[in-house]
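Listing of data_14.pdb, PDB, C-alpha atoms
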```
MODEL        1
ATOM      1  CA  MET A  30      39.293 118.080  58.337
ATOM      2  CA  SER A  31      36.537 116.580  56.238
ATOM      3  CA  LEU A  32      32.926 116.790  57.339
ATOM      4  CA  ARG A  33      32.914 113.047  57.805
ATOM      5  CA  SER A  34      35.891 113.013  60.136
ATOM      6  CA  GLN A  35      34.447 115.891  62.155
ATOM      7  CA  LEU A  36      31.205 113.994  62.547
ATOM      8  CA  LEU A  37      33.002 110.814  63.434
ATOM      9  CA  LYS A  38      35.404 112.236  65.985
ATOM     10  CA  GLY A  39      33.073 112.435  68.945
ATOM     11  CA  THR A  40      30.885 109.559  67.848
ATOM     12  CA  LEU A  41      33.727 107.090  67.509
ATOM     13  CA  GLU A  42      34.689 107.575  71.138
ATOM     14  CA  GLY A  43      31.147 106.727  72.183
ATOM     15  CA  CYS A  44      31.103 103.663  69.939
ATOM     16  CA  ILE A  45      34.383 102.422  71.371
ATOM     17  CA  LEU A  46      33.131 102.882  74.929
ATOM     18  CA  SER A  47      29.981 100.971  74.045
ATOM     19  CA  LEU A  48      31.834  98.072  72.395
ATOM     20  CA  ILE A  49      34.228  97.746  75.330
ATOM     21  CA  ASN A  50      31.268  97.825  77.675
ATOM     22  CA  GLN A  51      29.638  94.942  75.799
ATOM     23  CA  GLN A  52      32.777  92.866  76.124
ATOM     24  CA  PRO A  53      36.343  93.598  77.267
ATOM     25  CA  THR A  54      38.439  93.553  74.136
ATOM     26  CA  TYR A  55      41.812  94.327  72.526
ATOM     27  CA  GLY A  56      42.739  96.698  69.730
ATOM     28  CA  TYR A  57      42.568  94.459  66.692
ATOM     29  CA  GLU A  58      39.285  92.851  67.720
ATOM     30  CA  LEU A  59      37.840  96.262  68.475
ATOM     31  CA  SER A  60      38.658  97.489  64.980
ATOM     32  CA  LEU A  61      37.080  94.362  63.465
ATOM     33  CA  ARG A  62      33.923  94.885  65.472
ATOM     34  CA  LEU A  63      33.677  98.519  64.366
ATOM     35  CA  GLN A  64      33.947  97.335  60.774
ATOM     36  CA  GLU A  65      31.402  94.560  61.270
ATOM     37  CA  HIS A  66      28.941  97.263  62.292
ATOM     38  CA  GLY A  67      29.584  99.098  59.061
ATOM     39  CA  LEU A  68      32.136 101.712  60.061
ATOM     40  CA  THR A  69      34.329 100.465  57.265
ATOM     41  CA  ASP A  70      36.199 103.552  56.258
ATOM     42  CA  VAL A  71      37.489 104.356  59.715
ATOM     43  CA  SER A  72      41.162 103.496  59.269
ATOM     44  CA  GLU A  73      41.986 100.713  61.698
ATOM     45  CA  GLY A  74      44.865 102.565  63.292
ATOM     46  CA  SER A  75      42.715 105.511  64.322
ATOM     47  CA  ILE A  76      41.424 103.653  67.361
ATOM     48  CA  TYR A  77      44.822 103.747  69.114
ATOM     49  CA  PRO A  78      45.079 107.506  69.701
ATOM     50  CA  ILE A  79      41.488 107.316  70.985
ATOM     51  CA  LEU A  80      42.273 104.383  73.287
ATOM     52  CA  LEU A  81      45.268 106.299  74.662
ATOM     53  CA  ARG A  82      43.063 109.312  75.329
ATOM     54  CA  LEU A  83      40.379 107.223  77.007
ATOM     55  CA  GLN A  84      43.073 105.704  79.248
ATOM     56  CA  LYS A  85      44.462 109.131  80.080
ATOM     57  CA  GLU A  86      40.971 110.311  81.033
ATOM     58  CA  LYS A  87      40.649 107.116  83.100
ATOM     59  CA  LEU A  88      37.496 106.017  81.267
ATOM     60  CA  VAL A  89      39.086 102.684  80.344
ATOM     61  CA  VAL A  90      41.943 100.629  81.743
ATOM     62  CA  GLY A  91      44.131  98.457  79.585
ATOM     63  CA  THR A  92      46.010  95.537  81.096
ATOM     64  CA  LEU A  93      48.954  93.804  79.544
ATOM     65  CA  LYS A  94      49.505  90.467  81.267
ATOM     66  CA  LYS A  95      52.428  88.113  81.020
ATOM     67  CA  SER A  96      52.017  84.596  79.676
ATOM     68  CA  PRO A  97      54.588  81.891  78.978
ATOM     69  CA  SER A  98      54.524  82.676  75.258
ATOM     70  CA  GLY A  99      55.048  86.419  75.605
ATOM     71  CA  PRO A 100      52.544  89.001  76.784
ATOM     72  CA  LYS A 101      48.816  88.536  76.322
ATOM     73  CA  ARG A 102      46.898  91.077  74.291
ATOM     74  CA  LYS A 103      46.198  94.360  75.991
ATOM     75  CA  TYR A 104      42.577  94.032  77.066
ATOM     76  CA  TYR A 105      40.475  97.094  77.738
ATOM     77  CA  GLN A 106      37.747  97.446  80.310
ATOM     78  CA  LEU A 107      35.495 100.343  81.302
ATOM     79  CA  THR A 108      36.055 102.051  84.623
ATOM     80  CA  ASP A 109      33.180 103.463  86.668
ATOM     81  CA  ALA A 110      33.886 106.844  85.137
ATOM     82  CA  GLY A 111      33.812 105.142  81.737
ATOM     83  CA  THR A 112      30.356 103.703  82.363
ATOM     84  CA  LYS A 113      29.162 107.141  83.372
ATOM     85  CA  ALA A 114      30.667 108.715  80.258
ATOM     86  CA  LEU A 115      29.010 106.050  78.097
ATOM     87  CA  ASN A 116      25.610 106.747  79.649
ATOM     88  CA  GLU A 117      26.067 110.449  79.023
ATOM     89  CA  PHE A 118      27.003 109.748  75.416
ATOM     90  CA  ILE A 119      23.919 107.574  74.895
ATOM     91  CA  GLN A 120      21.703 110.241  76.423
ATOM     92  CA  GLN A 121      23.173 112.970  74.242
ATOM     93  CA  TRP A 122      23.081 110.820  71.143
ATOM     94  CA  ASN A 123      19.418 110.009  71.733
ATOM     95  CA  SER A 124      18.578 113.666  72.117
ATOM     96  CA  ILE A 125      20.404 114.630  68.921
ATOM     97  CA  LYS A 126      19.567 111.739  66.616
ATOM     98  CA  PRO A 127      15.727 111.999  66.281
ATOM     99  CA  PRO A 128      15.597 115.746  65.503
ATOM    100  CA  VAL A 129      18.501 115.435  63.053
ATOM    101  CA  ASP A 130      16.713 112.494  61.375
ATOM    102  CA  ARG A 131      13.501 114.494  61.105
ATOM    103  CA  ILE A 132      15.277 117.518  59.645
ATOM    104  CA  ILE A 133      17.138 115.432  57.084
ATOM    105  CA  GLU A 134      14.033 113.450  56.059
ATOM    106  CA  LYS A 135      12.079 116.654  55.414
ATOM    107  CA  GLY A 136      14.827 118.118  53.306
ATOM    108  CA  GLU A 137      15.706 114.955  51.426
ATOM    109  CA  MET A 138      16.046 115.436  47.714
TER     110      MET A 138
ATOM    111  CA  MET B  25      54.728  94.112  82.520
ATOM    112  CA  GLU B  26      57.936  96.120  82.710
ATOM    113  CA  PRO B  27      58.890  98.273  79.711
ATOM    114  CA  LYS B  28      62.113  96.359  79.183
ATOM    115  CA  GLU B  29      60.240  93.038  78.943
ATOM    116  CA  ILE B  30      57.871  94.577  76.419
ATOM    117  CA  ILE B  31      60.837  95.878  74.402
ATOM    118  CA  GLU B  32      62.473  92.438  74.345
ATOM    119  CA  TRP B  33      59.249  90.856  73.147
ATOM    120  CA  ASN B  34      58.803  93.590  70.540
ATOM    121  CA  ASN B  35      62.324  92.956  69.201
ATOM    122  CA  LYS B  36      61.543  89.278  68.750
ATOM    123  CA  LYS B  37      58.051  89.674  67.357
ATOM    124  CA  ARG B  38      59.049  92.368  64.848
ATOM    125  CA  GLU B  39      60.941  89.795  62.815
ATOM    126  CA  GLU B  40      57.633  88.245  61.737
ATOM    127  CA  LEU B  41      56.672  91.332  59.736
ATOM    128  CA  THR B  42      57.003  91.367  55.966
ATOM    129  CA  GLU B  43      59.946  93.357  54.655
ATOM    130  CA  HIS B  44      57.746  96.284  53.592
ATOM    131  CA  ASN B  45      55.785  96.431  56.847
ATOM    132  CA  GLN B  46      58.907  95.997  58.959
ATOM    133  CA  LYS B  47      60.591  98.959  57.321
ATOM    134  CA  ILE B  48      57.616 101.199  57.991
ATOM    135  CA  TYR B  49      56.990  99.879  61.481
ATOM    136  CA  GLU B  50      60.610 100.393  62.529
ATOM    137  CA  GLU B  51      60.572 103.977  61.333
ATOM    138  CA  MET B  52      57.388 104.575  63.297
ATOM    139  CA  LEU B  53      58.938 102.957  66.356
ATOM    140  CA  ILE B  54      62.033 105.162  66.227
ATOM    141  CA  TYR B  55      59.959 108.267  65.612
ATOM    142  CA  ILE B  56      57.570 107.568  68.494
ATOM    143  CA  ARG B  57      60.344 106.624  70.930
ATOM    144  CA  ALA B  58      62.280 109.775  70.032
ATOM    145  CA  GLY B  59      59.221 111.879  70.846
ATOM    146  CA  SER B  60      60.581 111.540  74.368
ATOM    147  CA  ASN B  61      59.430 113.014  77.650
ATOM    148  CA  LYS B  62      56.598 110.522  77.581
ATOM    149  CA  SER B  63      55.728 107.629  79.833
ATOM    150  CA  GLU B  64      57.963 104.764  78.769
ATOM    151  CA  GLN B  65      55.396 102.232  79.956
ATOM    152  CA  GLN B  66      52.597 103.666  77.829
ATOM    153  CA  THR B  67      54.920 104.209  74.867
ATOM    154  CA  GLU B  68      56.047 100.589  74.803
ATOM    155  CA  GLU B  69      52.527  99.260  75.384
ATOM    156  CA  VAL B  70      51.079 101.141  72.440
ATOM    157  CA  LEU B  71      54.059 100.222  70.237
ATOM    158  CA  LEU B  72      53.410  96.567  70.987
ATOM    159  CA  GLU B  73      49.701  96.994  70.228
ATOM    160  CA  LEU B  74      50.509  98.583  66.871
ATOM    161  CA  LEU B  75      52.911  95.744  66.096
ATOM    162  CA  GLU B  76      50.394  93.042  66.953
ATOM    163  CA  HIS B  77      47.698  94.806  64.982
ATOM    164  CA  LEU B  78      49.985  94.957  61.978
ATOM    165  CA  LEU B  79      50.842  91.259  62.338
ATOM    166  CA  ASP B  80      47.162  90.317  62.487
ATOM    167  CA  ALA B  81      46.297  92.531  59.529
ATOM    168  CA  GLN B  82      49.234  91.198  57.555
ATOM    169  CA  LYS B  83      47.755  87.701  57.784
ATOM    170  CA  GLU B  84      44.735  89.046  55.936
ATOM    171  CA  GLY B  85      46.948  90.540  53.267
ATOM    172  CA  LYS B  86      46.677  94.146  54.454
ATOM    173  CA  SER B  87      49.631  96.525  54.365
ATOM    174  CA  ALA B  88      50.773  99.164  56.835
ATOM    175  CA  GLU B  89      49.266 101.902  54.636
ATOM    176  CA  GLU B  90      45.800 100.400  55.033
ATOM    177  CA  ILE B  91      46.115 100.390  58.816
ATOM    178  CA  PHE B  92      47.823 103.688  59.575
ATOM    179  CA  GLY B  93      46.895 105.729  56.511
ATOM    180  CA  SER B  94      49.362 107.094  54.001
ATOM    181  CA  ASP B  95      50.798 109.846  56.205
ATOM    182  CA  PHE B  96      52.775 107.878  58.792
ATOM    183  CA  LYS B  97      54.290 110.942  60.388
ATOM    184  CA  ALA B  98      50.882 112.525  61.033
ATOM    185  CA  TYR B  99      49.632 109.238  62.467
ATOM    186  CA  CYS B 100      52.630 108.965  64.815
ATOM    187  CA  ASP B 101      52.114 112.572  65.920
ATOM    188  CA  ASP B 102      48.513 111.692  66.831
ATOM    189  CA  ILE B 103      49.812 108.812  68.936
ATOM    190  CA  ILE B 104      52.594 110.812  70.635
ATOM    191  CA  LYS B 105      50.163 113.603  71.499
ATOM    192  CA  GLU B 106      47.997 111.186  73.471
ATOM    193  CA  ILE B 107      50.745 109.366  75.392
ATOM    194  CA  PRO B 108      50.840 110.678  78.959
ATOM    195  CA  GLY B 109      54.021 112.364  80.217
ATOM    196  CA  GLU B 110      56.554 110.527  82.342
ATOM    197  CA  LYS B 111      56.328 111.017  86.115
ATOM    198  CA  LYS B 112      58.509 113.904  87.327
ATOM    199  CA  LYS B 113      60.352 111.717  89.805
ATOM    200  CA  LYS B 114      61.299 109.147  87.199
ATOM    201  CA  LYS B 115      62.420 111.847  84.775
ATOM    202  CA  LEU B 116      64.600 113.519  87.394
ATOM    203  CA  GLY B 117      66.075 110.186  88.479
ATOM    204  CA  PHE B 118      66.930 109.353  84.897
ATOM    205  CA  GLY B 119      68.560 112.759  84.392
ATOM    206  CA  ILE B 120      70.746 112.292  87.467
ATOM    207  CA  TYR B 121      71.624 108.774  86.389
ATOM    208  CA  ILE B 122      72.749 109.930  82.927
ATOM    209  CA  ALA B 123      74.693 112.863  84.428
ATOM    210  CA  LEU B 124      76.558 110.601  86.878
ATOM    211  CA  LYS B 125      77.417 108.066  84.242
ATOM    212  CA  TYR B 126      78.650 110.770  81.887
ATOM    213  CA  LEU B 127      80.855 112.388  84.545
ATOM    214  CA  ALA B 128      82.145 108.960  85.567
ATOM    215  CA  ILE B 129      83.251 108.238  82.006
ATOM    216  CA  ILE B 130      84.911 111.643  81.517
ATOM    217  CA  SER B 131      86.768 111.455  84.797
ATOM    218  CA  GLY B 132      87.655 107.780  84.377
ATOM    219  CA  VAL B 133      89.051 108.262  80.882
ATOM    220  CA  THR B 134      90.946 111.428  81.818
ATOM    221  CA  GLY B 135      92.416 109.701  84.868
ATOM    222  CA  VAL B 136      93.464 106.441  83.260
ATOM    223  CA  LEU B 137      94.761 108.099  80.098
ATOM    224  CA  GLY B 138      96.665 110.751  82.064
ATOM    225  CA  PHE B 139      98.190 108.086  84.270
ATOM    226  CA  ALA B 140      99.219 105.904  81.336
ATOM    227  CA  LEU B 141     100.670 108.812  79.347
ATOM    228  CA  SER B 142     102.775 110.108  82.202
ATOM    229  CA  ASN B 143     103.961 106.711  83.390
ATOM    230  CA  PHE B 144     104.652 104.949  80.134
ATOM    231  CA  PHE B 145     105.406 107.782  77.748
ATOM    232  CA  GLU B 146     106.419 110.535  80.141
ATOM    233  CA  ILE B 147     103.833 112.890  78.706
ATOM    234  CA  GLY B 148     102.173 115.229  81.205
ATOM    235  CA  SER B 149     102.935 115.681  84.864
ATOM    236  CA  GLY B 150     100.843 112.822  86.201
ATOM    237  CA  GLU B 151      98.990 115.410  88.215
ATOM    238  CA  PHE B 152      95.598 116.936  87.680
ATOM    239  CA  THR B 153      95.371 120.586  88.618
ATOM    240  CA  PHE B 154      92.117 122.418  88.968
ATOM    241  CA  THR B 155      90.403 125.227  90.828
ATOM    242  CA  PRO B 156      87.232 124.176  92.628
ATOM    243  CA  LEU B 157      85.204 127.133  91.385
ATOM    244  CA  SER B 158      86.142 126.904  87.711
ATOM    245  CA  GLY B 159      85.981 123.116  87.902
ATOM    246  CA  THR B 160      82.375 123.241  89.103
ATOM    247  CA  LEU B 161      81.510 125.698  86.354
ATOM    248  CA  ILE B 162      83.076 123.454  83.714
ATOM    249  CA  ILE B 163      81.160 120.417  84.983
ATOM    250  CA  ALA B 164      77.915 122.413  84.893
ATOM    251  CA  LEU B 165      78.596 123.515  81.321
ATOM    252  CA  TYR B 166      79.493 119.970  80.292
ATOM    253  CA  LEU B 167      76.198 118.714  81.659
ATOM    254  CA  ALA B 168      74.270 121.523  79.961
ATOM    255  CA  LEU B 169      76.028 120.633  76.709
ATOM    256  CA  LEU B 170      75.182 116.961  77.141
ATOM    257  CA  PHE B 171      71.474 117.566  77.714
ATOM    258  CA  LEU B 172      71.295 120.039  74.859
ATOM    259  CA  PHE B 173      73.012 117.470  72.644
ATOM    260  CA  ILE B 174      70.538 114.742  73.627
ATOM    261  CA  LYS B 175      67.556 117.035  73.020
ATOM    262  CA  ILE B 176      68.828 118.095  69.604
ATOM    263  CA  ALA B 177      69.756 114.522  68.683
ATOM    264  CA  LEU B 178      66.229 113.291  69.471
ATOM    265  CA  LYS B 179      64.714 116.148  67.492
ATOM    266  CA  TRP B 180      67.059 115.338  64.628
ATOM    267  CA  ILE B 181      66.032 111.688  64.661
ATOM    268  CA  GLN B 182      62.408 112.775  64.411
ATOM    269  CA  MET B 183      63.092 115.287  61.666
ATOM    270  CA  THR B 184      64.908 112.767  59.502
ATOM    271  CA  SER B 185      62.279 110.041  59.974
ATOM    272  CA  PHE B 186      60.123 109.187  56.968
ATOM    273  CA  SER B 187      62.180 111.570  54.850
ATOM    274  CA  LYS B 188      63.395 110.663  51.453
ATOM    275  CA  LYS B 189      66.519 112.745  51.830
ATOM    276  CA  LYS B 190      69.713 111.105  50.664
ATOM    277  CA  LYS B 191      71.555 109.123  53.301
ATOM    278  CA  TRP B 192      74.852 110.904  52.684
ATOM    279  CA  ILE B 193      73.298 114.293  53.480
ATOM    280  CA  GLU B 194      72.133 112.913  56.812
ATOM    281  CA  PHE B 195      75.591 111.513  57.399
ATOM    282  CA  VAL B 196      77.266 114.872  56.773
ATOM    283  CA  GLN B 197      74.765 116.590  59.074
ATOM    284  CA  LEU B 198      75.496 114.094  61.820
ATOM    285  CA  TRP B 199      79.239 114.452  61.305
ATOM    286  CA  LEU B 200      79.102 118.260  61.551
ATOM    287  CA  PHE B 201      76.875 118.041  64.602
ATOM    288  CA  CYS B 202      79.267 115.670  66.397
ATOM    289  CA  SER B 203      82.279 117.801  65.455
ATOM    290  CA  LEU B 204      80.567 120.827  66.927
ATOM    291  CA  TYR B 205      79.919 118.894  70.116
ATOM    292  CA  PHE B 206      83.512 117.743  70.545
ATOM    293  CA  GLY B 207      84.771 121.195  69.592
ATOM    294  CA  LEU B 208      82.735 122.773  72.379
ATOM    295  CA  PHE B 209      83.792 119.993  74.724
ATOM    296  CA  TYR B 210      87.419 120.888  74.037
ATOM    297  CA  LEU B 211      86.919 124.648  74.162
ATOM    298  CA  ILE B 212      84.928 124.956  77.401
ATOM    299  CA  PRO B 213      87.863 124.316  79.814
ATOM    300  CA  LYS B 214      90.123 126.574  77.731
ATOM    301  CA  LEU B 215      87.666 129.451  77.867
ATOM    302  CA  ILE B 216      86.896 129.296  81.574
ATOM    303  CA  PRO B 217      89.510 131.309  83.500
ATOM    304  CA  SER B 218      91.028 129.798  86.643
ATOM    305  CA  ILE B 219      89.506 131.527  89.608
ATOM    306  CA  GLY B 220      90.647 130.948  93.182
ATOM    307  CA  PRO B 221      93.214 128.591  94.678
ATOM    308  CA  LYS B 222      94.530 125.666  92.650
ATOM    309  CA  ILE B 223      94.478 122.086  93.867
ATOM    310  CA  SER B 224      96.649 119.313  92.472
ATOM    311  CA  VAL B 225      95.898 115.635  92.816
ATOM    312  CA  PRO B 226      97.581 112.588  91.246
ATOM    313  CA  VAL B 227      95.768 112.022  87.977
ATOM    314  CA  ILE B 228      95.096 108.367  88.780
ATOM    315  CA  GLY B 229      92.829 109.612  91.591
ATOM    316  CA  LEU B 230      90.521 110.943  88.911
ATOM    317  CA  GLY B 231      90.467 107.520  87.285
ATOM    318  CA  VAL B 232      89.573 105.849  90.580
ATOM    319  CA  LEU B 233      86.830 108.415  91.185
ATOM    320  CA  GLY B 234      85.410 107.719  87.736
ATOM    321  CA  VAL B 235      85.376 103.973  88.286
ATOM    322  CA  VAL B 236      83.756 104.352  91.729
ATOM    323  CA  ILE B 237      80.957 106.598  90.403
ATOM    324  CA  TYR B 238      80.426 104.227  87.498
ATOM    325  CA  ILE B 239      80.079 101.230  89.823
ATOM    326  CA  ILE B 240      77.598 103.156  91.962
ATOM    327  CA  THR B 241      75.379 103.875  88.953
ATOM    328  CA  ILE B 242      75.060 100.203  87.961
ATOM    329  CA  PRO B 243      72.667  99.091  90.736
ATOM    330  CA  ILE B 244      70.746 102.391  90.420
ATOM    331  CA  GLY B 245      70.208 101.713  86.733
ATOM    332  CA  ARG B 246      69.033  98.163  87.416
ATOM    333  CA  LYS B 247      66.722  99.144  90.228
ATOM    334  CA  TYR B 248      64.883 101.797  88.251
ATOM    335  CA  GLY B 249      64.967  99.915  84.990
ATOM    336  CA  TYR B 250      67.147 102.406  83.109
ATOM    337  CA  THR B 251      69.330  99.579  81.827
ATOM    338  CA  ASN B 252      68.641  96.038  80.779
TER     339      ASN B 252
ENDMDL
END
```
Starting from the file, lay out its structure as structure tokens.
Amino acid sequence: MSLRSQLLKGTLEGCILSLINQQPTYGYELSLRLQEHGLTDVSEGSIYPILLRLQKEKLVVGTLKKSPSGPKRKYYQLTDAGTKALNEFIQQWNSIKPPVDRIIEKGEM
Amino acid sequence: MEPKEIIEWNNKKREELTEHNQKIYEEMLIYIRAGSNKSEQQTEEVLLELLEHLLDAQKEGKSAEEIFGSDFKAYCDDIIKEIPGEKKKKKLGFGIYIALKYLAIISGVTGVLGFALSNFFEIGSGEFTFTPLSGTLIIALYLALLFLFIKIALKWIQMTSFSKKKKWIEFVQLWLFCSLYFGLFYLIPKLIPSIGPKISVPVIGLGVLGVVIYIITIPIGRKYGYTN
């Protein structure tokens, strides 16, 4: 696994939780929004294994509703446990980011 | 939505894919479905999501490789790994349903064929003779053989997905595999010795039994969504 994908693995989950929290959304839109924020070389398909895992851990629920012209998109929403997990992620991210930034800035070539 | 409704919609929607994307998507679909033992609901939901994503991306001129990466098999494995398992009760119910249907067909065919042969061509006695103990053992072995066959067949489907092996090699493999199955099917009753008292019944009785079991399985299949 490349350094980049190791770094991304945990972070991407947090980003997905945060985007779903901002607005219930479906897979394709979610991948567009990740790209809009600059995560352009995350392959679009990689969100689906993560969404399945988040559903299994009951952090998000996806609902597929019927409509006259076939099913509607599967929309994802955070559960209470999901909100809690997001808050934990934000807390941890905030405690890691500033020191890492400081270390990198000092050592920048 | 029920899995079978999602499947119907998927079948219709899939036709909108470009030839290239459709070929890849269908291989992924077969591979993921064959990675059985998983919740059918979740499997079909994610398959539909992947399809709709591909359709959206296609409109922007993107290909399947850009969405799922170049290693489709690895991507599908990532998906399968995260699909939750099927509920025990549903799995057991499905197993029983398949077993009943299988036994119904064997007994129905044996009965009707035996009856026809003895009545119209005077082949066979028109009676079916068995010993309860050996008979039970044979049925158990038949069922074991069936489930082993299904397991291996699913594994085989997965192993031959995304492979560039020549089609005729796959055909020969499948042919050998099926021959082995029917060979064992034929050999099992010959190899099991008759133990205990023998019972003879008119062979048509077996046919009737088969038809009755088959009819019983139809509403069960509908109720639990095993059939369309």
Residues selected by the PyMOL selection byres ((chain B) within 8 of (chain A)), written as a PDB file with C-alpha atoms, in the coordinates of the input:
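Saved to part-v7.pdb:
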```pdb
ATOM      1  CA  MET B  25      54.728  94.112  82.520  1.00  0.00           C
ATOM      2  CA  ILE B  30      57.871  94.577  76.419  1.00  0.00           C
ATOM      3  CA  TRP B  33      59.249  90.856  73.147  1.00  0.00           C
ATOM      4  CA  GLU B  69      52.527  99.260  75.384  1.00  0.00           C
ATOM      5  CA  VAL B  70      51.079 101.141  72.440  1.00  0.00           C
ATOM      6  CA  GLU B  73      49.701  96.994  70.228  1.00  0.00           C
ATOM      7  CA  LEU B  74      50.509  98.583  66.871  1.00  0.00           C
ATOM      8  CA  GLU B  76      50.394  93.042  66.953  1.00  0.00           C
ATOM      9  CA  HIS B  77      47.698  94.806  64.982  1.00  0.00           C
ATOM     10  CA  ASP B  80      47.162  90.317  62.487  1.00  0.00           C
ATOM     11  CA  GLU B  90      45.800 100.400  55.033  1.00  0.00           C
ATOM     12  CA  ILE B  91      46.115 100.390  58.816  1.00  0.00           C
ATOM     13  CA  PHE B  92      47.823 103.688  59.575  1.00  0.00           C
ATOM     14  CA  GLY B  93      46.895 105.729  56.511  1.00  0.00           C
ATOM     15  CA  ASP B 102      48.513 111.692  66.831  1.00  0.00           C
ATOM     16  CA  ILE B 103      49.812 108.812  68.936  1.00  0.00           C
ATOM     17  CA  GLU B 106      47.997 111.186  73.471  1.00  0.00           C
ATOM     18  CA  ILE B 107      50.745 109.366  75.392  1.00  0.00           C
ATOM     19  CA  PRO B 108      50.840 110.678  78.959  1.00  0.00           C
TER      20      PRO B 108
END
```
Using the chain letters and numbering of this document, enumerate as an MDAnalysis selection string the residues selected by the PyMOL selection byres ((chain B and resi 127-130) around 10).
chainID B and resid 122:126 131:135 163 166:167 230:241
From the options B:Ile244, B:Val227, B:Ala58, B:Ile31, which residue's atoms come nearest to Met183 (chain B), counting all atoms listed in the file?
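The shortest atom-to-atom distance to Met183 (chain B) comes from B:Ala58.
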As an exercise, work out the distance from CA of Glu151 (chain B) to CA of Ile120 (chain B) in Å and give it to one decimal place.
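Answer for the CA of Glu151 (chain B) to CA of Ile120 (chain B) separation: 28.4 Å.
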Write out, as CSV, each residue of region 80-149 of chain B that has an atom at most 12 Å from region 187-204 of chain B, together with the closest pair of atoms and their distance in Å to one decimal, counting all atoms listed in the file, rows going by chain and rising number.
```
residue,atom,partner,partner_atom,distance
B:Asp95,CA,B:Ser187,CA,11.6
B:Phe96,CA,B:Ser187,CA,10.8
B:Lys97,CA,B:Ser187,CA,9.7
```
Once you have the residues from the selection above, write them out as a CSV table (one decimal), in the coordinates of the input, restricted to C-alpha atoms.
```
chain,number,residue,atom,x,y,z
B,95,ASP,CA,50.8,109.8,56.2
B,96,PHE,CA,52.8,107.9,58.8
B,97,LYS,CA,54.3,110.9,60.4
```
Separation of CA of Arg246 (chain B) from CA of Lys114 (chain B), in Å and rounded to one decimal:
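Between these atoms lies a distance of 13.4 Å.
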Please measure the separation of CA of Thr67 (chain B) and CA of Lys179 (chain B), giving the value in Å to one decimal.
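If I compute the distance from CA of Thr67 (chain B) to CA of Lys179 (chain B), I get 17.1 Å.
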So, counting all atoms listed in the file, which residue among A:Leu88, A:Ala110, A:Ile132, A:Ile125 is closest to Glu42 (chain A)?
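Result for the nearest residue to Glu42 (chain A): A:Leu88.
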I'd like to know which of A:Gln121, A:Pro128, A:Ile133, A:Gln52 is closest to Gly39 (chain A), using only C-alpha atoms.
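Of A:Gln121, A:Pro128, A:Ile133, A:Gln52, the one nearest Gly39 (chain A), counting only C-alpha atoms, is A:Gln121.
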Residue members of the PyMOL selection byres ((chain B and resi 165) around 12) in the file shown, as an NGL selection string:
:B and (123 or 127 or 158-164 or 166-173 or 208-213 or 215-216)
